[in-house]
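Chemist: The structure file my_file-v8.cif (mmCIF, C-alpha atoms) is provided below.
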```cif
data_query
#
loop_
_atom_site.label_atom_id
_atom_site.label_comp_id
_atom_site.auth_asym_id
_atom_site.auth_seq_id
_atom_site.Cartn_x
_atom_site.Cartn_y
_atom_site.Cartn_z
CA MET A 1378 54.52 -1.80 -19.93
CA VAL A 1379 54.19 -5.47 -18.97
CA LYS A 1380 52.25 -4.51 -15.84
CA LYS A 1381 49.79 -2.47 -17.92
CA ILE A 1382 49.17 -5.36 -20.32
CA PHE A 1383 48.68 -7.77 -17.41
CA LEU A 1384 46.20 -5.40 -15.75
CA ALA A 1385 44.22 -5.03 -18.96
CA LEU A 1386 43.95 -8.80 -19.33
CA VAL A 1387 42.78 -9.18 -15.73
CA LEU A 1388 40.03 -6.57 -16.21
CA THR A 1389 38.69 -8.24 -19.37
CA LEU A 1390 38.60 -11.80 -18.03
CA PRO A 1391 35.19 -11.45 -16.28
CA LEU A 1392 33.62 -10.19 -19.49
CA ILE A 1393 35.11 -12.99 -21.52
CA GLY A 1394 33.85 -15.47 -18.93
CA CYS A 1395 30.26 -14.15 -19.21
CA VAL A 1396 30.24 -14.63 -22.96
CA THR A 1397 31.82 -18.07 -23.13
CA THR A 1398 29.68 -19.71 -20.40
CA THR A 1399 26.36 -19.01 -22.18
CA SER A 1400 25.12 -22.09 -24.11
CA PRO A 1401 24.35 -21.41 -27.75
CA VAL A 1402 20.66 -21.70 -28.81
CA ALA A 1403 20.11 -24.68 -31.06
CA THR A 1404 18.89 -23.65 -34.48
CA THR A 1405 19.17 -26.94 -36.33
CA LYS A 1406 15.94 -28.99 -36.67
CA ASN A 1407 16.76 -32.66 -36.19
CA TYR A 1408 13.37 -34.11 -37.15
CA SER A 1409 10.51 -33.68 -39.59
CA VAL A 1410 6.75 -33.97 -39.07
CA ASP A 1411 5.34 -36.86 -41.08
CA SER A 1412 1.64 -36.32 -41.83
CA ASP A 1413 1.33 -39.11 -44.39
CA THR A 1414 2.60 -42.43 -43.05
CA TYR A 1415 0.02 -42.91 -40.27
CA GLN A 1416 -3.48 -41.49 -40.03
CA SER A 1417 -6.13 -41.91 -37.31
CA THR A 1418 -9.69 -42.82 -38.16
CA GLY A 1419 -11.07 -41.75 -34.77
CA LYS A 1420 -11.59 -38.08 -35.49
CA SER A 1421 -14.19 -35.52 -36.49
CA GLN A 1422 -14.49 -31.85 -37.33
CA ARG A 1423 -14.06 -29.37 -34.48
CA ILE A 1424 -16.93 -27.21 -35.77
CA LYS A 1425 -20.22 -28.90 -34.89
CA THR A 1426 -22.81 -26.12 -34.85
CA ILE A 1427 -23.91 -23.02 -36.75
CA VAL A 1428 -25.69 -20.47 -34.56
CA LEU A 1429 -27.79 -17.74 -36.18
CA HIS A 1430 -28.47 -14.40 -34.47
CA TYR A 1431 -30.04 -11.05 -35.16
CA THR A 1432 -28.29 -7.88 -34.01
CA VAL A 1433 -31.25 -5.78 -32.73
CA SER A 1434 -29.49 -2.79 -34.30
CA ASP A 1435 -28.74 -1.03 -37.58
CA ASN A 1436 -25.70 -1.56 -39.80
CA GLU A 1437 -23.46 1.08 -38.24
CA ARG A 1438 -24.09 0.09 -34.63
CA SER A 1439 -23.88 -3.61 -35.45
CA ILE A 1440 -20.46 -3.15 -37.02
CA LYS A 1441 -19.23 -1.13 -34.05
CA THR A 1442 -20.54 -3.60 -31.47
CA LEU A 1443 -19.13 -6.64 -33.22
CA THR A 1444 -15.71 -5.16 -33.97
CA THR A 1445 -14.88 -3.07 -30.89
CA GLY A 1446 -16.77 -4.65 -27.98
CA ASN A 1447 -16.59 -7.88 -25.98
CA VAL A 1448 -18.94 -9.67 -28.33
CA SER A 1449 -18.12 -10.98 -31.79
CA ALA A 1450 -19.25 -13.34 -34.51
CA HIS A 1451 -17.54 -15.03 -37.41
CA TYR A 1452 -19.82 -13.45 -40.00
CA LEU A 1453 -22.01 -10.36 -40.30
CA VAL A 1454 -24.77 -9.94 -42.88
CA LEU A 1455 -25.86 -6.32 -43.26
CA ASP A 1456 -29.25 -5.20 -44.55
CA SER A 1457 -27.68 -3.08 -47.30
CA ASP A 1458 -28.03 -3.88 -50.98
CA ASP A 1459 -24.52 -5.13 -51.67
CA ASP A 1460 -22.84 -8.42 -52.58
CA LYS A 1461 -20.77 -8.82 -49.41
CA ILE A 1462 -20.81 -10.96 -46.28
CA TYR A 1463 -18.32 -9.69 -43.72
CA ASN A 1464 -15.96 -12.19 -42.10
CA LEU A 1465 -15.12 -10.64 -38.71
CA VAL A 1466 -13.39 -13.59 -37.03
CA PRO A 1467 -11.48 -16.36 -38.83
CA GLU A 1468 -13.27 -19.70 -38.65
CA SER A 1469 -10.18 -21.18 -37.02
CA GLU A 1470 -10.57 -18.79 -34.09
CA ARG A 1471 -13.16 -18.60 -31.30
CA ALA A 1472 -15.81 -15.88 -31.59
CA TRP A 1473 -17.77 -14.67 -28.55
CA HIS A 1474 -21.36 -15.01 -29.74
CA ALA A 1475 -23.13 -17.88 -27.97
CA GLY A 1476 -22.66 -17.20 -24.25
CA ASP A 1477 -24.24 -19.38 -21.56
CA GLY A 1478 -26.45 -22.18 -22.81
CA GLY A 1479 -26.21 -25.50 -24.56
CA PHE A 1480 -27.55 -27.92 -27.13
CA SER A 1481 -27.23 -31.69 -27.55
CA GLY A 1482 -25.12 -32.01 -24.43
CA ARG A 1483 -22.59 -29.31 -25.32
CA THR A 1484 -22.52 -26.30 -23.03
CA ILE A 1485 -19.55 -24.25 -24.25
CA LEU A 1486 -20.71 -23.69 -27.81
CA ASN A 1487 -18.31 -20.86 -28.61
CA ASP A 1488 -15.60 -23.54 -28.81
CA THR A 1489 -17.31 -25.63 -31.48
CA SER A 1490 -19.58 -23.27 -33.41
CA ILE A 1491 -19.67 -20.69 -36.17
CA GLY A 1492 -21.68 -17.59 -35.27
CA ILE A 1493 -23.56 -15.59 -37.91
CA GLU A 1494 -25.07 -12.21 -37.04
CA ILE A 1495 -27.81 -10.76 -39.25
CA VAL A 1496 -28.69 -7.08 -39.02
CA ASN A 1497 -32.33 -6.96 -37.98
CA ALA A 1498 -34.27 -4.89 -35.44
CA GLY A 1499 -35.76 -7.99 -33.82
CA VAL A 1500 -39.02 -6.87 -32.23
CA LYS A 1501 -40.73 -3.83 -33.74
CA PRO A 1502 -40.13 -0.64 -31.71
CA GLU A 1503 -43.81 -0.21 -30.82
CA TYR A 1504 -43.90 -3.68 -29.21
CA ARG A 1505 -40.61 -3.74 -27.31
CA ASP A 1506 -42.28 -2.89 -24.00
CA ALA A 1507 -45.29 -5.14 -24.60
CA LEU A 1508 -44.20 -7.72 -22.02
CA LYS A 1509 -43.59 -5.26 -19.21
CA ASN A 1510 -47.22 -4.76 -18.20
CA GLY A 1511 -47.64 -8.46 -17.45
CA ASN A 1512 -50.46 -9.03 -19.93
CA MET A 1513 -48.34 -11.41 -22.02
CA ASP A 1514 -45.22 -13.46 -21.44
CA TYR A 1515 -44.00 -13.81 -25.01
CA HIS A 1516 -44.01 -11.83 -28.24
CA PRO A 1517 -46.36 -13.17 -30.94
CA TYR A 1518 -45.39 -13.53 -34.59
CA ASP A 1519 -46.60 -10.06 -35.63
CA HIS A 1520 -44.27 -8.31 -33.17
CA TYR A 1521 -41.17 -9.39 -35.08
CA VAL A 1522 -39.40 -7.64 -37.95
CA ALA A 1523 -39.03 -9.50 -41.25
CA PHE A 1524 -35.65 -10.09 -42.88
CA ASP A 1525 -34.69 -8.64 -46.26
CA GLU A 1526 -34.82 -11.01 -49.20
CA LEU A 1527 -31.16 -10.42 -50.06
CA GLN A 1528 -30.18 -11.20 -46.48
CA ILE A 1529 -31.95 -14.55 -46.65
CA LYS A 1530 -30.17 -15.47 -49.87
CA LYS A 1531 -26.78 -14.51 -48.43
CA VAL A 1532 -27.38 -16.45 -45.23
CA ALA A 1533 -28.56 -19.47 -47.22
CA GLU A 1534 -25.45 -19.58 -49.39
CA LEU A 1535 -23.14 -18.99 -46.43
CA VAL A 1536 -24.72 -21.68 -44.26
CA GLN A 1537 -24.74 -24.14 -47.17
CA ASP A 1538 -21.01 -23.64 -47.62
CA ILE A 1539 -20.11 -23.90 -43.92
CA ALA A 1540 -22.33 -26.95 -43.34
CA ARG A 1541 -20.78 -28.73 -46.33
CA ARG A 1542 -17.18 -27.99 -45.33
CA TYR A 1543 -17.61 -29.12 -41.73
CA ASP A 1544 -20.22 -31.84 -42.35
CA ILE A 1545 -22.61 -30.23 -39.86
CA SER A 1546 -25.75 -32.14 -38.98
CA PRO A 1547 -29.00 -30.43 -40.07
CA LYS A 1548 -30.33 -30.30 -36.51
CA ASN A 1549 -27.20 -28.49 -35.34
CA ILE A 1550 -28.00 -25.46 -37.47
CA ILE A 1551 -29.84 -23.51 -34.80
CA GLY A 1552 -30.79 -20.11 -33.46
CA HIS A 1553 -29.51 -18.32 -30.38
CA ALA A 1554 -32.89 -18.93 -28.72
CA ASP A 1555 -32.45 -22.69 -29.13
CA ILE A 1556 -29.33 -22.69 -26.95
CA ALA A 1557 -30.31 -19.96 -24.47
CA PRO A 1558 -34.14 -19.92 -24.31
CA SER A 1559 -34.40 -17.95 -21.07
CA ARG A 1560 -32.06 -15.23 -22.32
CA LYS A 1561 -32.50 -14.93 -26.07
CA ILE A 1562 -35.24 -14.99 -28.70
CA ASP A 1563 -33.21 -14.43 -31.86
CA PRO A 1564 -33.34 -14.87 -34.78
CA GLY A 1565 -37.04 -14.53 -33.99
CA ALA A 1566 -40.32 -15.76 -35.39
CA LYS A 1567 -39.80 -14.29 -38.86
CA PHE A 1568 -36.55 -16.04 -39.62
CA PRO A 1569 -37.64 -18.45 -42.41
CA TRP A 1570 -36.36 -21.80 -41.15
CA GLU A 1571 -38.91 -23.79 -43.15
CA ARG A 1572 -38.11 -21.96 -46.36
CA LEU A 1573 -34.37 -22.47 -45.93
CA TYR A 1574 -34.96 -26.18 -45.42
CA LYS A 1575 -37.25 -26.59 -48.42
CA GLU A 1576 -35.49 -24.28 -50.89
CA TYR A 1577 -31.85 -24.65 -49.86
CA GLY A 1578 -31.67 -27.90 -47.92
CA ILE A 1579 -30.52 -26.05 -44.78
CA GLY A 1580 -31.21 -27.17 -41.24
CA ALA A 1581 -33.80 -29.56 -39.83
CA TRP A 1582 -37.52 -29.69 -40.45
CA TYR A 1583 -40.20 -32.23 -39.63
CA ASP A 1584 -42.17 -34.27 -42.16
CA GLU A 1585 -45.77 -33.14 -42.25
CA ALA A 1586 -47.01 -36.71 -42.67
CA ASP A 1587 -45.25 -37.76 -39.45
CA LYS A 1588 -46.71 -34.81 -37.59
CA GLN A 1589 -50.24 -35.56 -38.77
CA GLU A 1590 -49.90 -39.25 -37.97
CA ILE A 1591 -48.81 -38.42 -34.41
CA MET A 1592 -51.65 -35.92 -33.96
CA ASN A 1593 -54.19 -38.46 -35.23
CA ARG A 1594 -53.17 -41.17 -32.80
CA ARG A 1595 -55.82 -42.00 -30.23
CA THR A 1596 -53.96 -42.74 -27.04
CA LEU A 1597 -55.64 -43.51 -23.76
CA VAL A 1598 -53.00 -41.79 -21.67
CA ALA A 1599 -51.61 -38.35 -22.49
CA PRO A 1600 -47.83 -37.93 -22.12
CA SER A 1601 -46.68 -36.63 -18.76
CA VAL A 1602 -44.71 -33.43 -18.27
CA GLN A 1603 -41.59 -35.50 -17.65
CA GLU A 1604 -42.13 -37.54 -20.83
CA ILE A 1605 -42.48 -34.38 -22.89
CA LYS A 1606 -39.41 -32.83 -21.29
CA GLN A 1607 -37.44 -35.98 -22.07
CA ALA A 1608 -38.51 -35.63 -25.71
CA PHE A 1609 -37.09 -32.10 -25.71
CA ARG A 1610 -33.82 -33.41 -24.28
CA LYS A 1611 -33.75 -36.19 -26.86
CA TYR A 1612 -33.78 -33.62 -29.63
CA GLY A 1613 -31.11 -31.47 -27.97
CA TYR A 1614 -32.78 -28.81 -25.83
CA GLN A 1615 -31.72 -28.14 -22.26
CA ILE A 1616 -34.76 -28.25 -19.97
CA ASN A 1617 -35.17 -28.73 -16.23
CA ASN A 1618 -36.57 -31.72 -14.33
CA SER A 1619 -39.52 -30.02 -12.63
CA ASP A 1620 -42.93 -31.66 -12.85
CA GLU A 1621 -44.60 -28.49 -14.05
CA TRP A 1622 -44.47 -26.04 -16.91
CA ASP A 1623 -42.68 -23.34 -14.96
CA LYS A 1624 -41.32 -20.23 -16.69
CA PRO A 1625 -37.90 -21.72 -17.60
CA SER A 1626 -39.68 -24.74 -19.12
CA ARG A 1627 -42.09 -22.54 -21.04
CA ASP A 1628 -39.11 -20.55 -22.32
CA VAL A 1629 -37.87 -23.74 -23.97
CA ILE A 1630 -41.31 -24.35 -25.51
CA TYR A 1631 -41.34 -20.80 -26.85
CA ALA A 1632 -37.85 -21.13 -28.35
CA PHE A 1633 -38.88 -24.40 -29.98
CA GLN A 1634 -42.03 -22.80 -31.40
CA LEU A 1635 -40.07 -19.81 -32.72
CA HIS A 1636 -38.04 -22.29 -34.73
CA PHE A 1637 -40.61 -24.90 -35.76
CA ARG A 1638 -44.05 -23.24 -35.38
CA PRO A 1639 -43.28 -19.53 -35.71
CA GLN A 1640 -46.79 -18.36 -36.60
CA GLN A 1641 -48.04 -19.40 -33.15
CA PRO A 1642 -45.27 -19.01 -30.58
CA THR A 1643 -47.18 -19.07 -27.30
CA GLY A 1644 -44.87 -20.75 -24.80
CA ASN A 1645 -47.68 -23.18 -23.98
CA MET A 1646 -47.47 -26.91 -24.56
CA ASP A 1647 -50.15 -28.22 -26.93
CA SER A 1648 -50.77 -31.26 -29.10
CA GLU A 1649 -49.34 -29.72 -32.29
CA THR A 1650 -46.11 -28.64 -30.60
CA TYR A 1651 -45.72 -32.13 -29.14
CA ALA A 1652 -46.41 -33.75 -32.52
CA ILE A 1653 -43.80 -31.58 -34.20
CA LEU A 1654 -41.27 -32.45 -31.49
CA GLN A 1655 -41.95 -36.16 -31.86
CA ALA A 1656 -41.78 -35.95 -35.66
CA LEU A 1657 -38.38 -34.26 -35.40
CA ASN A 1658 -37.15 -36.96 -33.03
CA MET A 1659 -38.32 -39.66 -35.44
CA LYS A 1660 -36.25 -38.03 -38.17
CA TYR A 1661 -33.11 -36.80 -36.42
CA ALA A 1662 -32.67 -37.69 -32.77
CA ASN A 1663 -30.83 -41.00 -33.15
CA ARG A 1664 -27.98 -39.50 -35.14
CA ASP A 1665 -24.71 -39.53 -33.21
CA ASP A 1666 -23.57 -36.25 -34.74
CA PHE A 1667 -21.95 -34.67 -31.68
CA TYR A 1668 -19.18 -37.22 -31.15
#
```
Let me see the structure of the file written as structure tokens.

Modeler:
Amino acid sequence: MVKKIFLALVLTLPLIGCVTTTSPVATTKNYSVDSDTYQSTGKSQRIKTIVLHYTVSDNERSIKTLTTGNVSAHYLVLDSDDDKIYNLVPESERAWHAGDGGFSGRTILNDTSIGIEIVNAGVKPEYRDALKNGNMDYHPYDHYVAFDELQIKKVAELVQDIARRYDISPKNIIGHADIAPSRKIDPGAKFPWERLYKEYGIGAWYDEADKQEIMNRRTLVAPSVQEIKQAFRKYGYQINNSDEWDKPSRDVIYAFQLHFRPQQPTGNMDSETYAILQALNMKYANRDDFY
């Protein structure tokens, strides 16, 4: 009997050893996080930009694309007559809406932006192939589809709220074309930037008096290509250093015109476009709003 008991003890010793040599996991918290005693002043909001898009699709396909594919946005505004704006990605998370591009020195805008998609067909179906025959490089104003009135009101209220909460600079409320001019043209020529500025205080817009004063100046020497390109950079646009208005440079002009002179988006540099650019720089460019 004694031998049996001894044998049983010997067989169980390895198991007992395995249990007793494992260190217990600490569950007691020995500190607290103090968020009140000290506070830094060197800080700013993470969200710096609001980027507006159109979906080039209808409601059903827009919902499917933005909820099941590899593209997303924080908000979706349908073209249906309802009282909803759909929040698809929490503002605290990163949506995949901006892609390659940049504005005001920032090149990874998904990290610091809120993306808003608006259901809109973009270019009218009968004009979608208009650039393929080589007769024109850019769509004129009439090729674009207008936005519904209810959509504009929803977007205005949404952007007002986001801009207020994150203290977003007016000039950092932009379109997809502004950050990726060689890839994108949304939200297009019929997105009412001027109206949103004047009626809702949203975004940037030039002062007409400044524009007219610049256009009326009689200068002996016209600005060079490089001087004009530097003015674009000063406002925030990414543009190359070539000494000519090549296609990538004209893409930037077109994106700028879609935003600030939508009735005549030609992609060509002219005195009015330059005056508008300079008037915007007089009003906004010296603000250090991307720190």

Chemist: Kindly resolve the PyMOL selection byres ((chain A and resi 1633-1647) around 10) on the present coordinates and return the residues as JSON, numbers by chain.

Modeler: {"A": [1513, 1514, 1515, 1516, 1517, 1518, 1519, 1551, 1552, 1554, 1555, 1558, 1562, 1563, 1564, 1565, 1566, 1567, 1568, 1569, 1570, 1571, 1581, 1582, 1583, 1602, 1605, 1609, 1614, 1622, 1624, 1626, 1627, 1628, 1629, 1630, 1631, 1632, 1648, 1649, 1650, 1651, 1652, 1653, 1654, 1657]}

Chemist: Carefully work through the PyMOL selection byres ((chain A and resi 1421-1435) around 8) for this structure and note down the residues it includes, as number ranges by chain.

Modeler: A: 1419-1420, 1436-1439, 1475, 1486, 1488-1500, 1536, 1540, 1543-1546, 1549-1553, 1563-1565, 1667-1668

Chemist: Residues at most 12 Å from Gly1446 of chain A, counting all atoms listed in the file, excluding those fewer than 4 positions away in the same chain, as a PyMOL selection string?

Modeler: chain A and resi 1438-1442+1450+1472-1474

Chemist: Give as a list in words the set of residues within 12 Å of the point (-35.4, -8.4, -48.5), where distances use the file's coordinates and only C-alpha atoms.

Modeler: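 Every residue inside that radius is included here: Leu1455, Asp1456, Ser1457, Asp1458, Asp1459, Val1496, Asn1497, Val1522, Ala1523, Phe1524, Asp1525, Glu1526, Leu1527, Gln1528, Ile1529, Lys1530, Lys1531, Val1532, Phe1568 and Pro1569 of chain A.
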
Chemist: Between atom CA of Ala1662 of chain A and atom CA of Lys1548 of chain A, what distance in Å does the model show, to one decimal?

Modeler: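 Computed distance, atom CA of Ala1662 of chain A to atom CA of Lys1548 of chain A, equals 8.6 Å.
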
Chemist: Atom CA of Tyr1577 of chain A to atom CA of Thr1484 of chain A: how many Å, to one decimal?

Modeler: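 Taking atom CA of Tyr1577 of chain A as the start and atom CA of Thr1484 of chain A as the end point, the length is 28.5 Å.
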
Chemist: Which is closer to Glu1604 of chain A than all the others in A:Asn1663, A:Ser1481, A:Gln1655, A:Ser1469, using only C-alpha atoms?

Modeler: A:Gln1655

Chemist: What does the distance from atom CA of Met1659 of chain A to atom CA of Arg1594 of chain A come to in Å, to one decimal?

Modeler: 15.2 Å

Chemist: The PyMOL selection byres ((chain A and resi 1462) around 7) on the file shown: which residues, as a list of chain:residue names?

Modeler: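 Output from the PyMOL selection byres ((chain A and resi 1462) around 7), applied to this file: A:Tyr1452, A:Leu1453, A:Val1454, A:Lys1461, A:Tyr1463, A:Asn1464.
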
Chemist: When you count all atoms listed in the file, which of these residues is closest to Arg1542 of chain A: A:Ile1485, A:Ser1449, A:Glu1468, A:Asp1620?

Modeler: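 Looking at the shortest contact to Arg1542 of chain A, the residue is A:Glu1468.
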
Chemist: With distances taken over all atoms listed in the file, which residue among A:Pro1502, A:Ala1507, A:Arg1560, A:Arg1471 lies nearest Pro1625 of chain A?

Modeler: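 Closest to Pro1625 of chain A of all the choices is A:Arg1560.
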
Chemist: Rank A:His1520, A:Asp1584, A:Glu1534, A:Phe1480 by their smallest atom-to-atom distance to Ile1616 of chain A, using only C-alpha atoms, and report the top residue only.

Modeler: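 Closest residue, counting only C-alpha atoms: A:Phe1480.
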
Chemist: Using only C-alpha atoms for the distances, tell me which of A:Gly1511, A:Ile1579, A:Arg1505, A:Asp1477 is nearest to Gln1537 of chain A.

Modeler: A:Ile1579
